[in-house]
Structures are given as C-alpha cells and as structure tokens.
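Novice: Sharing a structure with you now.
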Amino acid sequence: MSFIHVDNVWKEYTENVVLEHLTLRVKKGEFVTIVGASGCGKTTFLKMLLGEVSPSRGKILLDGKPLAVEPGPDRGIVFQRYSVFPHLKVLGNVMLGLELQQSRVLGRLFGDKRRLAQQLACEMLEAVGLSHVLDKYPSELSGGMQQRLALAQSLIKQPLILLLDEPFGALDPGMRADMHQLILTLWRNMGLTVFMVSHDLKESFYLGTRLLVFDKVRHDPQNMNAFGARVTYDIPLGSVDNSLCQEIEKYSSPKQIVANLE
Amino acid sequence: MKRLMNLRPTKPFRIGLGILPFIIILVIYLAASNVRLAENSRDKLLPSFDSFVSAIQRMAFEPSKRTGEILLWADTFASLERLALGVGISALIGLTLGIINGLIPLASAPLSPLVRTLSLIPPMAILPILFIMFGLGEASKVALIVIGIAPFIVRDLQQRVAEIPSELLIKAQTLGASTWLVIVRVVLPQLIPRLIDAVRLSLGAAWLFLIAAEAIAATEGLGYRIFLVRRYLAMDVILPYVAWVTFLAYVMDASLRRLSKKIFPWYHGNGVQAEG
Ligand SMILES: Nc1ncnc2c1ncn2[C@@H]1O[C@H](COP(=O)(O)OP(=O)(O)OP(=O)(O)O)[C@@H](O)[C@H]1O
Ligand SMILES: [Mg+2]
C-alpha cells in the first residue's frame with residue numbers, strides 16, 4: 001500500500017481553480033521534488049499535505065487514513081522565510097518541539113527532563129553544524145544558518161513527512177551545496193519522506209528520487225483562472241549522474257527539459 | 001558644500017543644540033517676568049525665580065500645616081498609584097483580549113466589533129456615568145484611565161498578533177503545540193515587547209485622563225493640586241507641578257524603553273548582543 005495517496009484532488013479559491021485532477025501515490029522514503037511556474041499551486045499543494053488548507057474535492061490518505069485537517073507533529077515543514085522563532089535562541093528553537101510535546105501546560109521542561117532535551121537538541125544542532133552558535137538569536141545568524149536551524153527544529157520531532165518550500169532559494173551556491181549534502185544525509189539516516197518545492201531544476205534532479213512538474217494543460221483564453229494545474233510529468237529519477245546534471249543546466253524552463261528527456 | 005539634509009552635527013554640538021531651546025525659553029521667561037514684576041511687584045502671572053524656590057520649598061520639603069503631610073509627595077504618590085492601577089489593568093485587558101481577538105476567530109467574531117465600538121466612545125463623555133457608578137473615590141478615576149486607554153491597547157495588540165507571520169503559527173503546530181501552547185510559547189513572548197510599546201504610546205493619554213478625573217473630584221493628587229491652586233492664580237506652584245509631571249512621564253517612558261531593550265534584545269534588531 002502506498003504511504004501517501006492523493007486521490008483526484010482539486011483546489012479552488014472561489015472562481016480561481018488552482019489545482020485540478022491531482023492523483024498521486026508516494027511510497028515511504030521517497031524524495032519528491034516539485035517544479036512548476038510561479039503561481040501554479042506548488043505551495044498550495046504542500047499546504048494541503050500539511051493540513052493547513054483542505055482540498056475542495058478529492059481526498060488525501062496517509063497510510064490509508066484521511067489526513068488530519070490541521071498541522072500536526074507527524075508532518076514537519078521548512079518555509080522559505082519565517083521558519084524559526086525570533087524570540088528564542090538557537091538552542092531554544094530546537095528544544096521547543098520537545099518541550100511542547102512533554103509539557104502540555106507550561107510548554108517548558110525543568111530539571112533532568114530539561115537536561116535531556118538540551119542534550120538531544122545539541123546533538124541535532126551538531127548534525128546541522130550549528131553547535132558553535134547555541135546562544136545566539138536567529139537574527140544574528142546568516143540565511144543559510146537560519147535554514148539549517150529550521151531543519152534541525154523540524155527534524156527533532158522525527159516527522160514522517162518533511163515538507164520543504166523552496167528552502168534554499170535565498171542561499172549562495174556554496175551554501176546550497178552544503179545544504180544539499182545535509183538534507184540528503186538526514187533523509188537517508190532518518191528514513192524521511194520528503195516533498196520539496198524548488199525553482200532550481202538542477203537541484204530538483206540532483207536531490208529527488210522523483211520529479212513532479214506542475215502545469216496547466218487546459219487554457220481558456222477568456223478566463224485565465226478557469227482551469228488549474230495538474231501533474232504534467234512524473235519522472236522517476238535514478239541515481240544521479242553528472243552528465244544529466246550538466247545537461248539540465250543548459251535549460252531553463254520545465255517544459256524544455258521535459259521535452260528534451262522524451 | 002553638502003546638501004543641508006546631509007549635514008550632521010557632531011555629538012557635543014548636537015547635545016548643545018538640544019539644550020539651546022530650553023535655555024532660550026528660560027531667558028525669555030526671566031526677562032518677561034522681570035519686566036512684569038518691575039511694573040507690579042504683586043503680579044502673579046510670571047513669578048520670579050525666588051518665588052518658585054520658596055513654593056517648591058513649601059510644597060516638597062515642609063509638612064502642610066493643615067494635614068501634616070508633605071503635599072508634593074502625597075500628591076505624587078496618590079497620582080502614581082491611580083496611574084499604575086489604570087495602566088496595569090489596561091495592559092492586562094489589552095494583552096488578554098488582544099491575544100484572544102488576534103488568534104481565535106471564534107472569539108474575535110463577537111468581541112472585535114464590540115471593542116471597535118467601545119473605542120469610539122469619548123471617555124470624558126462618560127466620566128459622569130463613572131462617578132455615578134463608582135462614586136467619587138479611587139475606582140472612578142482608575143476606571144476612566146482604563147476606559148480611555150484599554151481599547152487602544154486591545155486593538156493595537158490584536159493587530160500585532162495578526163502581524164505574526166502565519167508561518168510561525170503553523171510551524172508551532174507542526175511541533176505539536178496546542179492552541180494554549182501556541183499562546184504561551186509563541187504569541188505571548190512575542191507580544192510582551194509590543195505591549196511595552198503600546199503602553200508607552202498610551203501613557204500620554206493615561207496622564208490626560210488621570211488629571212482630568214483628579215481635577216473634577218479628588219482630595220489629593222497632582223491634577224487636583226494644580227486645579228486647586230489655580231483659584232489663587234498660584235503660578236509659582238502650578239509651573240513646578242507641571243514640570244514635575246513632565247519629568248515623571250519622561251522617566252516612565254525612558255525606563256520602559258530601557259527595560260524592553262534589556263529584556264528583549266531580539267526585538268530591538270541591531271541592538272542584539274551575544275549575551276543580553
Ligand atoms: N488564500 C488564498 N486565497 C485565494 N487565492 C489563493 C490563496 N492562496 C493561494 N492562492 C492562489 O493560488 C494560486 C497558487 O498559489 P501558490 O502559492 O500555491 O503558488 P506557487 O506555485 O507556490 O507559486 P510560487 O512559485 O510563486 O511560490 C495563486 O494564483 C494564488 O493567487
Ligand atoms: Mg510558493
């Protein structure tokens with residue numbers, strides 16, 4: 001049985017059809033990358049997986065059961081911005097997940113429990129290479145460090161599914177490469193199922209085990225919003241090979257690259 | 001030659017420039033006072049320096065013959081108590097309703113329109129109602145301050161809650177937070193420095209309502225005293241009292257700002273230090 005089953009899902013905002021006829025089965029442990037034109041509904045799709053937005057039609061099943069209709073600890077997310085809490089220091093940001101889980105009234109831990117949570121958080125921060133800035137506020141960190149912090153913060157909850165919405169968009173190439181290694185390592189070690197939206201095709205090919213291209217197939221020239229985007233290509237990606245990556249770099253739009261693959 | 005807008009005074013020069021207007025006002029006052037007193041030595045409108053000194057001596061350092069209290073301190077204490085109560089209660093109401101209205105749609109549906117309407121009532125217009133309901137004692141004065149500034153604080157904080165990026169609220173939920181935990185670990189800590197801002201902004205109005213209430217019905221208090229001695233045209237008392245009120249307001253504002261900077265370094269952007 002598939003882990004996640006998206007069954008004929010539609011999303012409409014009043015007159016505006018954003019996504020239509022979305023059907024998809026995803027196995028546990030897949031790394032799904034998503035590309036598509038701006039405004040075609042990629043973030044909306046992630047929000048539906050998160051439970052923040054519910055489908056207008058169709059249903060999403062997780063392990064055969066309908067997905068919870070609000071965000072919960074089984075699905076972690078890293079947004080492009082505003083992913084960490086500005087009022088908490090680095091260590092506090094990562095400990096928060098443990099504190100919220102174990103202390104339902106104060107949301108804070110004391111004594112031995114606190115020390116244990118601190119230790120776990122430190123290990124997680126070690127894994128993302130932030131052990132030297134435990135006592136800083138997020139505003140004192142660079143963009144890349146903030147994204148690594150956001151990852152550590154989500155992963156300490158050991159979510160089943162990790163949703164990434166253009167998490168590396170604002171980073172320079174060197175930092176991106178570091179983040180790629182990091183996310184791949186964590187994905188393998190923790191057995192996560194990942195959905196990642198990206199504007200960078202090369203990145204999508206490199207990281208994913210499966211690439212989804214969102215695009216509109218029907219157009220109404222009178223009304224731009226009459227039809228929504230679908231999954232127009234669903235491409236399994238094998239082990240990454242370099243020549244493919246170089247090939248990809250030459251192209252800019254999803255359509256071009258897919259045309260080239262066929 | 002640089003443009004005017006790009007010319008910046010050096011620090012000592014800037015401080016000097018800052019003091020200058022005060023000195024000019026003082027000199028003009030003294031000159032005008034001298035002229036008037038030379039014409040009529042019993043003139044009360046612009047008292048001389050000496051009469052200020054003796055008035056301050058009388059009000060701030062000698063027990064009153066009638067009550068045995070030192071009037072300035074008794075007045076200050078009475079006023080500050082009312083102000084603290086009024087502002088404190090308003091802050092609590094503001095924080096509670098602001099969070100509830102800003103975060104919980106089911107609660108803001110009935111509450112928001114009510115708060116918006118209440119905030120439009122001119123507080124001074126219902127002062128008589130307060131006197132009728134709460135009597136002429138402390139409660140009515142505190143109530144006037146609360147009615148005067150609480151709606152503003154509620155609406156301001158409600159707005160600040162709405163400005164918290166939805167990403168953060170979603171994120172907290174993915175970390176397992178209930179509505180309550182979102183409030184105590186995310187919304188409340190982010191709101192306290194904003195509450196301090198809102199209180200600072202409403203302090204001026206709080207003083208206004210305090211002095212108005214004291215002027216109408218009180219037996220002590222800074223506003224009461226100012227309006228009492230007005231009957232004798234006692235400018236030598238009124239002006240030092242006004243200066244004292246201004247000074248108190250300034251100290252409150254400045255200490256709230258410093259407190260906020262000290263406790264919430266993350267809120268004050270570039271002021272962030274490694275260890276707050
Ligand atoms: N809350 C909402 N109410 C109404 N329309 C919305 C809402 N959220 C999104 N939309 C619409 O849905 C469409 C898809 O938005 P979405 O954010 O999913 O795009 P996206 O693919 O993530 O784009 P980008 O690559 O620019 O981030 C847009 O046309 C947007 O106007
Ligand atoms: Mg998006």
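Residue names in the structure tokens use chain letters A, B, ... in the order shown, residue numbers from 1 in each chain, and ligand numbers from 1 in the order shown.
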Residues up to 8 Å from ligand 2, counting only C-alpha atoms and all ligand atoms: could you list those as a PDB file with N, CA and C atoms, in the first residue's frame?

Specialist:
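Below is the file that was written, part_27.pdb:
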```pdb
ATOM      1  N   SER A  38       5.635  29.942 -11.496  1.00  0.00           N
ATOM      2  CA  SER A  38       5.224  30.672 -10.303  1.00  0.00           C
ATOM      3  C   SER A  38       3.706  30.832 -10.295  1.00  0.00           C
ATOM      4  N   GLY A  39       3.098  30.560  -9.163  1.00  0.00           N
ATOM      5  CA  GLY A  39       1.651  30.737  -9.033  1.00  0.00           C
ATOM      6  C   GLY A  39       0.835  29.546  -9.497  1.00  0.00           C
ATOM      7  N   GLY A  41       0.543  26.683  -8.000  1.00  0.00           N
ATOM      8  CA  GLY A  41      -0.088  25.930  -6.917  1.00  0.00           C
ATOM      9  C   GLY A  41       0.822  24.973  -6.172  1.00  0.00           C
ATOM     10  N   LYS A  42       2.134  25.168  -6.270  1.00  0.00           N
ATOM     11  CA  LYS A  42       3.050  24.265  -5.574  1.00  0.00           C
ATOM     12  C   LYS A  42       2.935  24.418  -4.064  1.00  0.00           C
ATOM     13  N   THR A  43       2.951  25.678  -3.623  1.00  0.00           N
ATOM     14  CA  THR A  43       2.813  25.918  -2.187  1.00  0.00           C
ATOM     15  C   THR A  43       1.448  25.445  -1.694  1.00  0.00           C
ATOM     16  N   THR A  44       0.422  25.671  -2.514  1.00  0.00           N
ATOM     17  CA  THR A  44      -0.917  25.202  -2.153  1.00  0.00           C
ATOM     18  C   THR A  44      -0.919  23.686  -1.939  1.00  0.00           C
ATOM     19  N   ASP A 165       9.536  24.109   1.326  1.00  0.00           N
ATOM     20  CA  ASP A 165       9.044  25.042   0.311  1.00  0.00           C
ATOM     21  C   ASP A 165      10.159  26.002  -0.083  1.00  0.00           C
ATOM     22  N   GLU A 166      10.797  25.705  -1.182  1.00  0.00           N
ATOM     23  CA  GLU A 166      11.941  26.498  -1.650  1.00  0.00           C
ATOM     24  C   GLU A 166      12.857  26.867  -0.499  1.00  0.00           C
ATOM     25  N   VAL A 197       9.655  21.714  -2.856  1.00  0.00           N
ATOM     26  CA  VAL A 197       9.389  22.630  -3.971  1.00  0.00           C
ATOM     27  C   VAL A 197      10.665  23.391  -4.260  1.00  0.00           C
TER      28      VAL A 197
END
```

Novice: Identify, with DSSP run on backbone atoms, the residues in segment 228-273 of chain B assigned to alpha helix (DSSP H), and express the list as a PyMOL selection string.

Specialist: chain B and resi 228-230+235-263

Novice: Using only C-alpha atoms and all ligand atoms, find each protein or nucleic acid residue lying at most 9 Å from ligand 1; present the set as a VMD selection string.

Specialist: chain A and resid 11 to 14 16 to 19 35 to 47 53 165 to 166 197 to 199 214 225 228

Novice: Would you mind listing, as a ChimeraX atom specification, all residues of chain B that have at least one atom within 8 Å of chain A, where only C-alpha atoms are what counts?

Specialist: /B:165,167-168,170-178,180-181,184-186,189-190,264,266-267,269,272,274-275

Novice: Contacts of Leu125 of chain A at 8 Å or less, counting only C-alpha atoms, minus same-chain residues fewer than 6 places along, as a ChimeraX atom specification?

Specialist: /A:91,94,131,149,152

Novice: Can you tell me which residues surround Asp43 of chain B at a distance of at most 10 Å, considering only C-alpha atoms, apart from same-chain residues fewer than 6 positions away, and format the answer as an NGL selection string?

Specialist: :B and (33 or 36-37 or 233)

Novice: Measuring atom to atom with only C-alpha atoms, identify which of A:Ala127, A:Val32, A:Leu120, A:Leu62 is nearest to Met179 of chain A.

Specialist: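 Checking each candidate against Met179 of chain A, we get A:Ala127 as the closest.
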